[in-house]
Structures are given as C-alpha cells and as structure tokens.
file coords_0.txt (compact mmCIF, C-alpha atoms and all ligand atoms)
# COMPACT_ATOMS: atom_id res chain seq x y z
CA MET A 1304 155.79 81.53 111.75
CA ASP A 1305 152.52 83.50 111.42
CA ILE A 1306 150.93 80.56 109.65
CA LEU A 1307 151.98 78.23 112.47
CA ILE A 1308 150.34 80.51 115.08
CA LEU A 1309 147.16 80.66 112.97
CA VAL A 1310 147.00 76.87 112.70
CA VAL A 1311 147.42 76.50 116.49
CA VAL A 1312 144.66 79.09 117.18
CA ILE A 1313 142.22 77.33 114.78
CA ALA A 1314 142.96 73.96 116.42
CA VAL A 1315 142.33 75.36 119.92
CA VAL A 1316 139.02 76.99 118.83
CA ALA A 1317 137.87 73.75 117.16
CA VAL A 1318 138.55 71.67 120.27
CA ALA A 1319 136.77 74.24 122.51
CA ALA A 1320 133.70 74.34 120.22
CA GLY A 1321 133.50 70.55 120.09
CA SER A 1322 133.60 70.15 123.86
CA GLY A 1323 131.05 72.97 124.20
CA LEU A 1324 128.62 71.04 122.02
CA VAL A 1325 129.12 67.91 124.12
CA ILE A 1326 128.54 69.92 127.32
CA ALA A 1327 125.48 71.57 125.82
CA ARG A 1328 124.11 68.17 124.79
CA ARG A 1329 124.75 66.81 128.29
CA ARG A 1330 122.93 69.79 129.82
CA ASN A 1331 119.85 69.13 127.67
CA PRO A 1332 119.39 65.37 127.77
CA ALA A 1333 116.29 63.92 126.07
CA PRO A 1334 113.41 63.96 128.59
CA PRO A 1335 112.98 60.57 130.28
CA ARG A 1336 109.74 58.73 129.48
CA GLU A 1337 107.25 57.62 132.16
CA LYS A 1338 107.09 53.89 133.04
CA ASP A 1339 104.08 53.41 130.77
CA GLY A 1340 105.96 55.03 127.91
CA THR A 1341 103.96 58.34 127.92
CA ALA A 1342 105.66 61.73 127.94
CA PRO A 1343 106.26 63.22 131.42
CA PRO A 1344 104.23 66.28 132.49
CA PRO A 1345 105.69 69.51 131.04
CA ARG A 1346 108.23 71.29 133.25
CA ARG A 1347 108.92 74.95 133.34
CA GLU A 1348 111.99 77.00 134.19
CA PRO A 1349 112.09 78.20 137.84
CA GLY A 1350 110.83 81.77 138.21
CA VAL A 1351 112.28 84.68 140.22
CA GLY A 1352 112.52 83.75 143.92
CA GLU A 1353 112.16 79.99 143.29
CA ASP A 1354 114.79 77.36 144.10
CA PRO A 1355 116.73 76.79 140.84
CA ASP A 1356 117.46 73.18 141.86
CA VAL A 1357 113.79 72.25 142.15
CA THR A 1358 112.07 71.56 138.81
CA VAL A 1359 108.47 72.66 138.72
CA GLU A 1360 105.90 70.57 136.95
CA GLU A 1361 103.27 72.51 135.05
CA GLU A 1362 99.65 71.53 135.06
CA ARG A 1363 98.88 69.79 131.76
CA ARG A 1364 96.02 71.44 129.80
CA THR A 1365 93.86 69.42 127.47
CA ILE A 1366 92.03 70.71 124.40
CA GLU A 1367 88.84 70.88 126.50
CA ASP A 1368 90.52 73.34 128.87
CA VAL A 1369 91.55 75.76 126.14
CA THR A 1370 89.08 78.54 125.37
CA LEU A 1371 88.81 79.03 121.63
CA PRO A 1372 88.51 82.57 120.20
CA PRO A 1373 84.95 83.72 119.40
CA THR A 1374 85.63 83.58 115.65
CA ALA A 1375 86.52 79.90 115.80
CA PRO A 1376 85.83 78.14 112.51
CA ASP A 1377 83.21 75.43 112.49
CA LEU A 1378 85.79 72.62 112.45
CA LEU A 1379 83.40 69.94 113.62
CA GLY A 1380 80.84 70.82 110.96
CA THR A 1381 78.04 71.30 113.48
CA GLY A 1382 76.80 74.26 111.45
CA THR A 1383 76.89 76.61 114.45
CA ARG A 1384 79.44 79.35 114.80
CA PRO A 1385 79.32 81.75 117.69
CA VAL A 1386 77.80 85.10 116.68
CA GLU A 1387 80.36 87.88 116.94
CA VAL A 1388 79.83 91.27 118.51
CA PRO A 1389 81.05 93.87 116.00
CA GLU A 1390 83.31 96.66 117.22
CA PRO A 1391 81.23 99.54 118.68
CA THR A 1392 81.02 102.56 116.38
CA ALA A 1393 82.86 105.13 118.53
CA GLY A 1394 85.98 103.00 119.05
CA ARG A 1395 86.01 101.89 115.42
CA LEU A 1396 86.00 105.48 114.18
CA VAL A 1397 88.87 106.59 116.42
CA ARG A 1398 90.96 103.60 115.29
CA LEU A 1399 90.20 104.10 111.61
CA ARG A 1400 90.80 107.87 111.64
CA SER A 1401 94.36 107.26 112.79
CA ARG A 1402 94.82 104.58 110.11
CA LEU A 1403 93.58 107.08 107.51
CA ALA A 1404 96.11 109.65 108.71
CA ARG A 1405 98.92 107.11 108.39
CA SER A 1406 98.06 106.25 104.78
CA GLN A 1407 97.19 109.70 103.45
CA ASN A 1408 99.57 112.24 104.95
CA THR A 1409 102.06 112.43 102.08
CA LEU A 1410 99.87 114.56 99.80
CA GLY A 1411 99.29 117.34 102.33
CA LYS A 1412 102.88 117.26 103.57
CA GLY A 1413 104.16 117.58 100.00
CA LEU A 1414 101.86 120.53 99.31
CA LEU A 1415 102.77 122.30 102.56
CA ASN A 1416 106.50 121.92 101.84
CA LEU A 1417 106.10 123.41 98.40
CA LEU A 1418 103.90 126.27 99.58
CA SER A 1419 106.45 127.11 102.30
CA ARG A 1420 109.25 127.78 99.81
CA GLU A 1421 110.68 131.26 99.98
CA HIS A 1422 109.92 132.02 96.34
CA LEU A 1423 106.75 130.64 94.84
CA ASP A 1424 107.84 130.76 91.21
CA GLU A 1425 106.22 129.11 88.18
CA ASP A 1426 108.27 125.94 88.65
CA THR A 1427 106.99 125.56 92.21
CA TRP A 1428 103.38 126.01 91.09
CA GLU A 1429 103.96 123.37 88.46
CA GLU A 1430 105.32 121.05 91.13
CA ILE A 1431 102.21 121.70 93.22
CA GLU A 1432 100.09 120.82 90.21
CA ASP A 1433 102.07 117.61 89.61
CA THR A 1434 101.73 116.61 93.28
CA LEU A 1435 97.95 116.89 93.02
CA LEU A 1436 97.78 115.04 89.71
CA THR A 1437 99.98 112.24 91.05
CA ALA A 1438 97.56 111.84 93.95
CA ASP A 1439 94.71 111.23 91.43
CA VAL A 1440 92.89 114.50 92.19
CA GLY A 1441 92.12 114.86 88.47
CA VAL A 1442 92.90 117.64 85.99
CA GLY A 1443 89.88 119.91 86.51
CA PRO A 1444 89.93 119.94 90.33
CA THR A 1445 93.75 120.35 90.33
CA GLN A 1446 93.59 123.44 88.16
CA GLU A 1447 90.83 124.91 90.30
CA LEU A 1448 92.75 124.33 93.50
CA VAL A 1449 96.02 125.73 92.15
CA GLU A 1450 94.25 128.84 90.89
CA ARG A 1451 92.59 129.47 94.25
CA LEU A 1452 95.82 128.80 96.16
CA ARG A 1453 97.74 131.23 93.92
CA GLU A 1454 95.14 133.90 94.49
CA ARG A 1455 94.94 133.41 98.25
CA VAL A 1456 98.70 133.15 98.77
CA ARG A 1457 99.08 136.43 96.88
CA VAL A 1458 96.70 138.31 99.19
CA LEU A 1459 97.86 136.46 102.33
CA GLY A 1460 101.10 138.45 102.67
CA THR A 1461 103.27 136.64 105.21
CA ARG A 1462 103.18 132.86 104.92
CA THR A 1463 103.51 131.35 108.39
CA PRO A 1464 103.30 127.53 108.63
CA GLU A 1465 100.03 127.83 110.61
CA GLY A 1466 98.58 130.28 108.09
CA LEU A 1467 99.44 128.00 105.17
CA ARG A 1468 98.07 124.92 106.90
CA ALA A 1469 94.77 126.69 107.65
CA LEU A 1470 94.53 127.95 104.09
CA LEU A 1471 95.25 124.55 102.56
CA ARG A 1472 92.79 122.87 104.92
CA GLU A 1473 90.05 125.28 103.90
CA GLU A 1474 90.70 124.87 100.18
CA LEU A 1475 90.94 121.08 100.33
CA LEU A 1476 87.69 120.96 102.28
CA THR A 1477 85.98 123.07 99.62
CA LEU A 1478 87.28 120.68 96.99
CA VAL A 1479 86.11 117.54 98.84
CA GLY A 1480 82.76 119.14 99.70
CA THR A 1481 81.23 119.56 103.13
CA ASP A 1482 77.57 119.93 102.21
CA LEU A 1483 76.93 116.67 100.35
CA ASP A 1484 74.53 114.11 101.79
CA ARG A 1485 76.90 111.34 102.92
CA VAL A 1486 74.42 109.37 104.98
CA VAL A 1487 73.92 105.75 103.87
CA HIS A 1488 70.13 105.64 103.81
CA THR A 1489 69.05 102.68 105.85
CA GLU A 1490 65.72 103.92 107.19
CA GLY A 1491 62.87 101.72 106.06
CA GLY A 1492 59.33 102.90 105.50
CA VAL A 1493 55.71 101.87 105.55
CA SER A 1494 53.86 100.60 102.48
CA ALA A 1495 50.50 101.94 101.27
CA GLU A 1496 48.92 98.96 103.05
CA GLY A 1497 50.53 100.02 106.33
CA GLU A 1498 53.11 97.23 106.23
CA GLU A 1499 56.62 97.93 107.58
CA ARG A 1500 59.29 97.92 104.86
CA PRO A 1501 63.00 97.40 105.36
CA ALA A 1502 65.40 99.79 103.69
CA VAL A 1503 66.98 98.23 100.59
CA VAL A 1504 70.62 98.83 99.71
CA LEU A 1505 72.06 97.51 96.43
CA VAL A 1506 75.83 97.03 96.38
CA VAL A 1507 77.28 97.19 92.87
CA GLY A 1508 80.79 97.22 91.42
CA VAL A 1509 83.36 95.22 89.52
CA ASN A 1510 84.42 91.88 91.04
CA GLY A 1511 87.61 92.17 93.00
CA THR A 1512 87.02 95.76 94.14
CA GLY A 1513 85.93 94.54 97.57
CA LYS A 1514 82.19 94.53 96.87
CA THR A 1515 81.24 91.44 98.88
CA THR A 1516 83.61 92.40 101.69
CA THR A 1517 82.06 95.86 101.83
CA ALA A 1518 78.53 94.40 101.93
CA GLY A 1519 79.67 92.15 104.81
CA LYS A 1520 81.37 94.99 106.67
CA LEU A 1521 78.33 97.22 106.21
CA ALA A 1522 76.13 94.47 107.68
CA ARG A 1523 78.38 94.50 110.76
CA VAL A 1524 78.21 98.29 111.06
CA LEU A 1525 74.41 98.12 110.92
CA VAL A 1526 74.26 95.29 113.47
CA ALA A 1527 76.62 97.26 115.74
CA ASP A 1528 74.13 100.12 115.52
CA GLY A 1529 71.34 97.81 116.63
CA LYS A 1530 69.72 97.09 113.25
CA SER A 1531 68.59 93.72 111.93
CA VAL A 1532 69.87 92.79 108.49
CA VAL A 1533 69.03 90.31 105.71
CA LEU A 1534 71.64 89.72 103.01
CA GLY A 1535 70.85 88.89 99.38
CA ALA A 1536 73.55 87.04 97.42
CA ALA A 1537 72.52 88.16 93.95
CA ASP A 1538 75.97 87.42 92.53
CA THR A 1539 74.81 84.02 91.30
CA PHE A 1540 77.65 83.56 88.84
CA ARG A 1541 80.12 82.41 91.46
CA ALA A 1542 78.97 80.12 94.24
CA ALA A 1543 82.04 81.23 96.19
CA ALA A 1544 80.74 84.80 96.25
CA ALA A 1545 77.48 83.63 97.87
CA ASP A 1546 79.44 81.47 100.34
CA GLN A 1547 81.62 84.45 101.22
CA LEU A 1548 78.58 86.67 101.85
CA GLN A 1549 76.85 83.97 103.87
CA THR A 1550 79.92 83.64 106.10
CA TRP A 1551 79.87 87.40 106.73
CA GLY A 1552 76.17 87.12 107.58
CA GLU A 1553 76.61 84.15 109.92
CA ARG A 1554 79.30 85.99 111.85
CA VAL A 1555 76.74 88.61 112.94
CA GLY A 1556 73.65 86.40 112.92
CA ALA A 1557 72.19 87.79 109.66
CA ARG A 1558 70.37 85.45 107.30
CA THR A 1559 71.57 85.25 103.68
CA VAL A 1560 69.14 84.54 100.84
CA ARG A 1561 70.86 82.83 97.93
CA GLY A 1562 69.83 81.14 94.71
CA ALA A 1563 71.11 78.35 92.54
CA GLU A 1564 74.49 78.94 90.88
CA GLY A 1565 73.85 80.63 87.53
CA GLY A 1566 70.29 81.50 88.57
CA ASP A 1567 68.51 84.80 88.01
CA PRO A 1568 70.11 87.54 90.18
CA ALA A 1569 66.89 89.58 90.12
CA ALA A 1570 64.95 86.62 91.56
CA VAL A 1571 67.41 86.35 94.47
CA ALA A 1572 67.19 90.10 95.12
CA PHE A 1573 63.37 89.89 95.08
CA GLU A 1574 63.41 86.94 97.46
CA ALA A 1575 65.82 88.71 99.81
CA VAL A 1576 63.51 91.71 100.07
CA ARG A 1577 60.53 89.42 100.62
CA GLU A 1578 62.43 87.69 103.41
CA GLY A 1579 63.35 91.08 104.86
CA ILE A 1580 59.69 92.08 104.94
CA ALA A 1581 58.68 88.72 106.47
CA GLN A 1582 61.35 89.05 109.18
CA THR A 1583 60.51 92.74 109.71
CA ALA A 1584 64.22 93.36 109.25
CA ASP A 1585 65.50 96.94 109.24
CA VAL A 1586 67.76 96.62 106.20
CA VAL A 1587 68.17 94.30 103.20
CA LEU A 1588 71.65 94.43 101.64
CA VAL A 1589 71.87 92.97 98.14
CA ASP A 1590 75.29 92.03 96.74
CA THR A 1591 75.19 92.00 92.93
CA ALA A 1592 77.48 90.51 90.27
CA GLY A 1593 79.96 92.86 88.64
CA ARG A 1594 81.17 91.25 85.47
CA LEU A 1595 82.07 93.94 83.00
CA HIS A 1596 82.25 91.76 79.90
CA THR A 1597 79.61 93.72 78.05
CA LYS A 1598 78.14 97.04 78.98
CA THR A 1599 74.67 96.12 77.73
CA GLY A 1600 74.73 92.86 79.71
CA LEU A 1601 75.60 94.73 82.88
CA MET A 1602 72.98 97.40 82.24
CA ASP A 1603 70.27 94.80 81.57
CA GLU A 1604 71.16 92.84 84.66
CA LEU A 1605 71.44 95.71 87.14
CA GLY A 1606 68.43 97.46 85.64
CA LYS A 1607 66.38 94.29 86.08
CA VAL A 1608 67.55 93.72 89.67
CA LYS A 1609 66.52 97.25 90.58
CA ARG A 1610 63.16 97.09 88.77
CA VAL A 1611 62.25 93.77 90.34
CA VAL A 1612 63.19 94.93 93.84
CA GLU A 1613 61.14 98.08 93.33
CA LYS A 1614 58.00 95.97 92.87
CA GLN A 1615 58.06 95.58 96.66
CA GLY A 1616 59.17 99.08 97.59
CA PRO A 1617 61.83 101.68 96.87
CA VAL A 1618 65.55 101.03 96.68
CA ASN A 1619 66.96 103.42 99.27
CA GLU A 1620 70.61 103.32 98.30
CA VAL A 1621 72.73 102.09 95.38
CA LEU A 1622 76.33 101.94 96.56
CA LEU A 1623 79.06 101.69 93.95
CA VAL A 1624 82.17 99.99 95.32
CA LEU A 1625 85.44 101.27 93.80
CA ASP A 1626 89.00 100.21 94.54
CA ALA A 1627 91.06 103.31 95.44
CA THR A 1628 94.25 101.69 94.19
CA THR A 1629 93.05 101.44 90.59
CA GLY A 1630 93.19 105.20 89.85
CA GLN A 1631 91.93 106.17 86.40
CA ASN A 1632 90.73 102.61 85.78
CA GLY A 1633 88.33 103.03 88.67
CA LEU A 1634 86.92 106.14 87.04
CA VAL A 1635 86.23 104.26 83.81
CA GLN A 1636 84.38 101.56 85.78
CA ALA A 1637 82.45 104.22 87.68
CA ARG A 1638 81.23 105.75 84.43
CA VAL A 1639 79.99 102.40 83.10
CA PHE A 1640 78.08 101.60 86.29
CA ALA A 1641 76.60 105.08 86.49
CA GLU A 1642 75.14 104.53 83.02
CA ALA A 1643 73.70 101.18 84.07
CA VAL A 1644 72.00 102.26 87.30
CA ASP A 1645 71.44 105.44 89.35
CA ILE A 1646 74.29 105.43 91.86
CA THR A 1647 73.49 107.25 95.11
CA GLY A 1648 76.79 106.80 96.95
CA ILE A 1649 80.34 105.53 96.56
CA ALA A 1650 82.19 103.13 98.84
CA LEU A 1651 85.92 103.59 98.23
CA THR A 1652 87.85 100.51 99.32
CA LYS A 1653 91.54 99.82 100.02
CA LEU A 1654 92.32 103.41 100.92
CA ASP A 1655 94.73 101.92 103.48
CA GLY A 1656 96.82 100.61 100.58
CA SER A 1657 96.96 103.82 98.57
CA ALA A 1658 98.46 107.23 99.27
CA LYS A 1659 96.41 108.63 96.38
CA GLY A 1660 93.44 109.92 98.35
CA GLY A 1661 92.79 112.49 95.62
CA ILE A 1662 90.62 109.84 93.93
CA VAL A 1663 87.86 110.91 96.38
CA VAL A 1664 87.68 114.27 94.65
CA ALA A 1665 88.01 112.84 91.13
CA VAL A 1666 85.29 110.22 91.47
CA GLN A 1667 82.84 112.61 93.11
CA ARG A 1668 83.36 115.02 90.21
CA GLU A 1669 83.05 112.26 87.65
CA LEU A 1670 79.73 110.94 88.97
CA GLY A 1671 78.33 113.90 90.88
CA VAL A 1672 77.75 111.45 93.74
CA PRO A 1673 79.33 111.64 97.23
CA VAL A 1674 81.80 109.16 98.68
CA LYS A 1675 79.89 107.78 101.68
CA LEU A 1676 82.05 104.94 102.96
CA ILE A 1677 85.75 104.13 102.96
CA GLY A 1678 87.42 100.77 103.38
CA LEU A 1679 90.59 100.95 105.45
CA GLY A 1680 91.74 97.36 105.76
CA GLU A 1681 90.91 93.71 105.45
CA GLY A 1682 89.68 93.47 109.04
CA ALA A 1683 85.98 92.81 109.62
CA ASP A 1684 85.40 96.22 111.21
CA ASP A 1685 87.62 98.26 108.87
CA LEU A 1686 84.82 100.25 107.21
CA ALA A 1687 84.27 103.91 108.10
CA PRO A 1688 81.84 106.63 107.07
CA PHE A 1689 83.57 109.21 104.90
CA GLU A 1690 84.02 112.39 106.94
CA PRO A 1691 85.45 115.31 104.90
CA GLU A 1692 87.03 117.04 107.92
CA ALA A 1693 88.74 113.88 109.19
CA PHE A 1694 89.88 113.11 105.64
CA VAL A 1695 91.42 116.56 105.05
CA ASP A 1696 93.01 116.52 108.51
CA ALA A 1697 94.54 113.18 107.59
CA LEU A 1698 95.92 114.68 104.37
CA ILE A 1699 97.70 117.54 106.17
CA SER A 1700 98.54 115.76 109.43
N1 LIG B 1801 93.45 96.36 102.29
C1 LIG B 1801 92.16 96.27 102.02
N2 LIG B 1801 91.67 95.18 101.40
C2 LIG B 1801 90.34 95.12 101.13
C3 LIG B 1801 89.47 96.18 101.47
N3 LIG B 1801 88.22 95.84 101.05
C4 LIG B 1801 88.32 94.61 100.49
N4 LIG B 1801 89.59 94.18 100.53
C5 LIG B 1801 90.13 92.92 100.02
O1 LIG B 1801 89.92 92.85 98.62
C6 LIG B 1801 89.80 91.52 98.20
C7 LIG B 1801 88.59 91.36 97.28
O2 LIG B 1801 87.43 91.56 98.03
P1 LIG B 1801 86.04 90.87 97.64
O3 LIG B 1801 85.02 91.42 98.58
O4 LIG B 1801 86.16 89.41 97.53
O5 LIG B 1801 85.79 91.46 96.21
P2 LIG B 1801 84.50 91.40 95.31
O6 LIG B 1801 84.41 92.73 94.66
O7 LIG B 1801 83.30 90.96 96.04
O8 LIG B 1801 84.94 90.34 94.24
P3 LIG B 1801 84.47 88.83 94.10
O9 LIG B 1801 84.73 88.17 95.45
O10 LIG B 1801 85.37 88.32 93.02
O11 LIG B 1801 83.03 88.86 93.73
C8 LIG B 1801 89.70 90.69 99.48
O12 LIG B 1801 90.95 90.11 99.73
C9 LIG B 1801 89.38 91.72 100.56
O13 LIG B 1801 89.86 91.35 101.82
C10 LIG B 1801 90.03 97.36 102.12
O14 LIG B 1801 89.37 98.33 102.43
N5 LIG B 1801 91.37 97.33 102.36
call {"tool": "encode", "arguments": {"input": "coords_0.txt", "output": "structure tokens"}}
result
Amino acid sequence: MDILILVVVIAVVAVAAGSGLVIARRRNPAPPREKDGTAPPPRREPGVGEDPDVTVEEERRTIEDVTLPPTAPDLLGTGTRPVEVPEPTAGRLVRLRSRLARSQNTLGKGLLNLLSREHLDEDTWEEIEDTLLTADVGVGPTQELVERLRERVRVLGTRTPEGLRALLREELLTLVGTDLDRVVHTEGGVSAEGEERPAVVLVVGVNGTGKTTTAGKLARVLVADGKSVVLGAADTFRAAAADQLQTWGERVGARTVRGAEGGDPAAVAFEAVREGIAQTADVVLVDTAGRLHTKTGLMDELGKVKRVVEKQGPVNEVLLVLDATTGQNGLVQARVFAEAVDITGIALTKLDGSAKGGIVVAVQRELGVPVKLIGLGEGADDLAPFEPEAFVDALIS
C-alpha cells in the first residue's frame, strides 16, 4: 500500500515539474529578430513605479561609448598607455597599516594570552619562547626578549591586560629598534663641477623575491611624492625582467634604460645614471640580476655594477629585497648578498602572505641593516615604509 502511494506521489511530482518547464519556456521565448535579421535593442525589466506591462528598451552602447579604465592595456599596439596617478602617500599608508594588522596580529595575541596565564611557570615561558621562534624572531633575539619579559613581569606585581600590553609593546619596540635610520635615501647631490646629480638606488636580491616589483612600486612612491625617476634594467639575463620593469616605468611615465639580452649589467647601470643626469632626474633606480648560482659570480657582478655607477657619483642606497615567506632561507640569501655588496637597507616583501613578522628582527640582527620598506600585496601601490610603532601595534592589535 505504502509503495503504491509513493508511486502516485512521484508520478504527480513528475507531471507538475514537466508542465512547469513548458510554462517557464513559454514565459521566456527566444527574442524575435528585427526585419533585417539583426538583434532587437536590449530590453530591461520594469523598475519600481513603472508599468509592468510596458517593456522598456535600453539605449544601446557601442564600444566607443564605454570609458576604459586608466590602466587599459595597449591593445591596439599604438605604443601609448595612459600615465597613471599613483595613490597619494597618506591614503596608501592608512590602507597598508590596516593590512599589516590583519596579517601580523597572531604573534602578539599569542604572547599576550600566554603572559596573562595565572601561573607563569617554566612550561609557559617555554611556550612563549616557542611562539617567538615559530614567528622567525631568531634564537638570540628570542632569548633576550624572554629574559627581559621574565624580569619585568616579576617586578610588575599585578598583571592587568593593559599593563601586559604596554609592557610587551615596549619590549617588542626595543627589539625592532626605534632609532635606526629607515629613510630610503633619494636626495641627489651636486658634482664637483657643479652639475646636479640624481640619487642612485641599486635594488638587489634573488630572482623571485619581488625585486623588480619592488623597484616598480618604489618608482611609483617616488613619483607620488613629486620626484622624477629613471629606471635601469640591469637584469640583462632575462628579457622578460626588463620588459616587466619597463611596463612599471611606463605606467608612471618613467623612462627605462635597457640593454641587449645577455649584455653587460654594469653598462646598463652606467647608461641609466648617465640618462638620469641628462634628464636632471631626481632618482635613478637600478634593478639588478639576482642569480645565486655562484657566490663569486654574484660578487663580481654586483661589485662591478656598483663600481661602474660610482664613476659618475655615489650610490645613495643599496636595497636588498627579501621574501618574508622564505624564513631561514631568506637569511642565508641575505648573508651572501651582504658579502657581495654593502647593503644599506632591506625591503621585505610578501609580508601580507606571512604571519611570521619576526623575520624583521632576525634579518636586521643578521645584517646590522634596518628594514626600510615592506611589501604588503601584489597591487601597484602596496609598498610601505617600515614604521616600528605601526609594526608593533599590528603585532599586538
Ligand atoms: N603578495 C605579495 N606578492 C608580491 C609582493 N611583492 C612581489 N610580489 C609578487 O612576487 C612575484 C615575483 O615578483 P618579481 O618582482 O617578478 O620578482 P623578481 O625578484 O624581480 O624576480 P624575476 O622577475 O624572476 O627577476 C610576483 O608575482 C609579484 O607580484 C608582495 O609584497 N606581496
């Protein structure tokens, strides 16, 4: 009996669904064609307050009527792309500080939770140590911080959440360092002959760390601050790297000097500086190759680039680009580059993709050089100056 009822129900549902489909198809007939066979003008659904029985024809827009975004690719191959206006500094910093807080707040939260435990026994201190090591702070700085926290918690007496937060903020700031020179030096000078000289910034680092992207983003930051920039594509081993840099330059109206594929990187760097002087540009940014196949090869190449550039004036900044997501590997790279050339600042990229912000402390210790810039995304304006206070606030936010 039950089976009979089930069969009847299924049959009724099937018939209802079938007729529904037919009705639905009837309600949406294929649009009739015009007499000349062309498609009719598009129609839109009636809006609130309009007669539902009257179909409204929409104005047809042609490709000429559609405004393309300012970053439109050069599809027609005319060689001209509209020059972009980079994001103004103030707005960029506010946006990137909140992105930093989103990616980095686990370390501080973890530490605050542990420090708030009722009994701070040896196991808890070990957990605090592990938390710091896991965040790539490095062994030496971790031990220092734990020692200082132990000492200060002991004399603190009561541990209110506000008290602990203030204490941790202070100690993390001491660890990161507030008195290092984090300015990217982009002030040119005047030669002995009284000729204006652009500032020269060399960008070095292993391929794939975000070196070219960082050079491009830095060019935008400088242009946003009203400076004129010439780019030097001294990574002559991959034509694509020069193309990539040139595209960054074109987007903000900066000229890129490049050489033949496989040509001498030092010659391109020299030419870029010469062009910078000729154009009375404010800054020349030179992107170098970062193949790590042999240490001596790298040393020879970077050493030569720097020496050749210095024939025309001083190199104001040598920025080492490191990928924050590579942890200890990044430190090994940093060491090799520091032996090859005098690094004056670190640009730490992909911090948006890593919760291990402790690498800031580790790499500064390793090289004795400050982190000056941080990359916080793949967007064109996702480069920020490294600000210790904002960074520590992000950690404990
Ligand atoms: N999420 C994120 N991605 C980044 C950041 N910086 C660079 N990248 C990405 O990292 C990738 C590598 O960047 P490149 O600039 O091409 O790296 P490179 O070091 O110049 O390496 P080559 O192009 O091989 O010479 C690209 O996909 C970038 O968009 C960053 O701060 N955050």
call {"tool": "residues_near_ligand", "arguments": {"input": "coords_0.txt", "ligand": "ligand LIG 1801 (chain B)", "cutoff": "8 Å", "atoms": "all atoms listed in the file", "output": "number ranges by chain"}}
result
A: 1508-1518, 1538, 1541, 1543-1544, 1547, 1592-1593, 1624, 1626, 1651-1656, 1677-1682, 1685-1686
call {"tool": "atom_distance", "arguments": {"input": "coords_0.txt", "atom1": "CA of Asp1585 in chain A", "atom2": "CA of Val1532 in chain A"}}
result
6.1 Å
call {"tool": "residues_near_point", "arguments": {"input": "coords_0.txt", "point": "(60.5, 88.7, 107.9)", "cutoff": "12 Å", "atoms": "only C-alpha atoms", "output": "list of chain:residue names"}}
result
A:Glu1498, A:Glu1499, A:Arg1500, A:Pro1501, A:Ser1531, A:Val1532, A:Val1533, A:Ala1557, A:Arg1558, A:Val1560, A:Glu1574, A:Ala1575, A:Val1576, A:Arg1577, A:Glu1578, A:Gly1579, A:Ile1580, A:Ala1581, A:Gln1582, A:Thr1583, A:Ala1584, A:Asp1585, A:Val1586, A:Val1587
call {"tool": "closest_residue", "arguments": {"input": "coords_0.txt", "among": "A:Pro1391, A:Gly1519, A:Gly1630, A:Pro1617", "to": "Asp1590 in chain A", "atoms": "all atoms listed in the file"}}
result
A:Gly1519
call {"tool": "atom_distance", "arguments": {"input": "coords_0.txt", "atom1": "CA of Gln1631 in chain A", "atom2": "CA of Ile1662 in chain A"}}
result
8.5 Å
call {"tool": "residues_around", "arguments": {"input": "coords_0.txt", "residues": "range 1398-1413 of chain A", "least_positions_apart": "6", "cutoff": "8 Å", "atoms": "all atoms listed in the file", "output": "list in words"}}
result
Thr1434, Leu1435, Ala1438, Leu1654, Asp1655, Gly1656, Ser1657, Ala1658, Lys1659, Gly1660, Leu1679, Asp1685, Leu1686, Ala1687, Ala1693, Phe1694, Asp1696, Ala1697, Leu1698, Ile1699 and Ser1700 of chain A
call {"tool": "write_last_selection", "arguments": {"input": "coords_0.txt", "atoms": "C-alpha atoms", "output": "compact mmCIF listing (two decimals), keeping the file's coordinate frame"}}
result
# COMPACT_ATOMS: atom_id res chain seq x y z
CA THR A 1434 101.73 116.61 93.28
CA LEU A 1435 97.95 116.89 93.02
CA ALA A 1438 97.56 111.84 93.95
CA LEU A 1654 92.32 103.41 100.92
CA ASP A 1655 94.73 101.92 103.48
CA GLY A 1656 96.82 100.61 100.58
CA SER A 1657 96.96 103.82 98.57
CA ALA A 1658 98.46 107.23 99.27
CA LYS A 1659 96.41 108.63 96.38
CA GLY A 1660 93.44 109.92 98.35
CA LEU A 1679 90.59 100.95 105.45
CA ASP A 1685 87.62 98.26 108.87
CA LEU A 1686 84.82 100.25 107.21
CA ALA A 1687 84.27 103.91 108.10
CA ALA A 1693 88.74 113.88 109.19
CA PHE A 1694 89.88 113.11 105.64
CA ASP A 1696 93.01 116.52 108.51
CA ALA A 1697 94.54 113.18 107.59
CA LEU A 1698 95.92 114.68 104.37
CA ILE A 1699 97.70 117.54 106.17
CA SER A 1700 98.54 115.76 109.43
call {"tool": "atom_distance", "arguments": {"input": "coords_0.txt", "atom1": "CA of Leu1452 in chain A", "atom2": "CA of Glu1690 in chain A"}}
result
22.9 Å
call {"tool": "closest_residue", "arguments": {"input": "coords_0.txt", "among": "A:Lys1607, A:Arg1668, A:His1488, A:Arg1594", "to": "Glu1620 in chain A", "atoms": "only C-alpha atoms"}}
result
A:His1488
call {"tool": "closest_residue", "arguments": {"input": "coords_0.txt", "among": "A:Gly1565, A:Gly1648, A:Gly1466, A:Pro1389", "to": "Val1504 in chain A", "atoms": "only C-alpha atoms"}}
result
A:Gly1648
call {"tool": "axis_aligned_box", "arguments": {"input": "coords_0.txt", "around": "range 1384-1393 of chain A", "padding_each_side": "8 Å", "output": "lines of an AutoDock Vina configuration file"}}
result
center_x = 80.6
center_y = 92.2
center_z = 116.7
size_x = 21.5
size_y = 41.8
size_z = 19.9
call {"tool": "build_atoms", "arguments": {"input": "coords_0.txt", "residues": "range 1684-1695 of chain A", "atoms": "N, CA and C atoms", "output": "tab-separated table (two decimals), keeping the file's coordinate frame"}}
result
chain	number	residue	atom	x	y	z
A	1684	ASP	N	85.99	94.94	110.80
A	1684	ASP	CA	85.40	96.22	111.21
A	1684	ASP	C	86.16	97.41	110.62
A	1685	ASP	N	86.80	97.19	109.47
A	1685	ASP	CA	87.62	98.26	108.87
A	1685	ASP	C	86.86	99.07	107.83
A	1686	LEU	N	85.62	99.40	108.12
A	1686	LEU	CA	84.82	100.25	107.21
A	1686	LEU	C	84.40	101.50	107.99
A	1687	ALA	N	84.59	102.67	107.39
A	1687	ALA	CA	84.27	103.91	108.10
A	1687	ALA	C	83.39	104.80	107.23
A	1688	PRO	N	82.56	105.63	107.87
A	1688	PRO	CA	81.84	106.63	107.07
A	1688	PRO	C	82.86	107.64	106.56
A	1689	PHE	N	82.62	108.22	105.40
A	1689	PHE	CA	83.57	109.21	104.90
A	1689	PHE	C	83.24	110.55	105.55
A	1690	GLU	N	84.21	111.09	106.28
A	1690	GLU	CA	84.02	112.39	106.94
A	1690	GLU	C	85.02	113.37	106.33
A	1691	PRO	N	84.53	114.40	105.59
A	1691	PRO	CA	85.45	115.31	104.90
A	1691	PRO	C	86.49	115.93	105.83
A	1692	GLU	N	86.07	116.38	107.02
A	1692	GLU	CA	87.03	117.04	107.92
A	1692	GLU	C	88.14	116.07	108.34
A	1693	ALA	N	87.74	114.86	108.75
A	1693	ALA	CA	88.74	113.88	109.19
A	1693	ALA	C	89.66	113.53	108.02
A	1694	PHE	N	89.09	113.46	106.82
A	1694	PHE	CA	89.88	113.11	105.64
A	1694	PHE	C	90.92	114.21	105.36
A	1695	VAL	N	90.48	115.46	105.35
A	1695	VAL	CA	91.42	116.56	105.05
A	1695	VAL	C	92.46	116.68	106.17
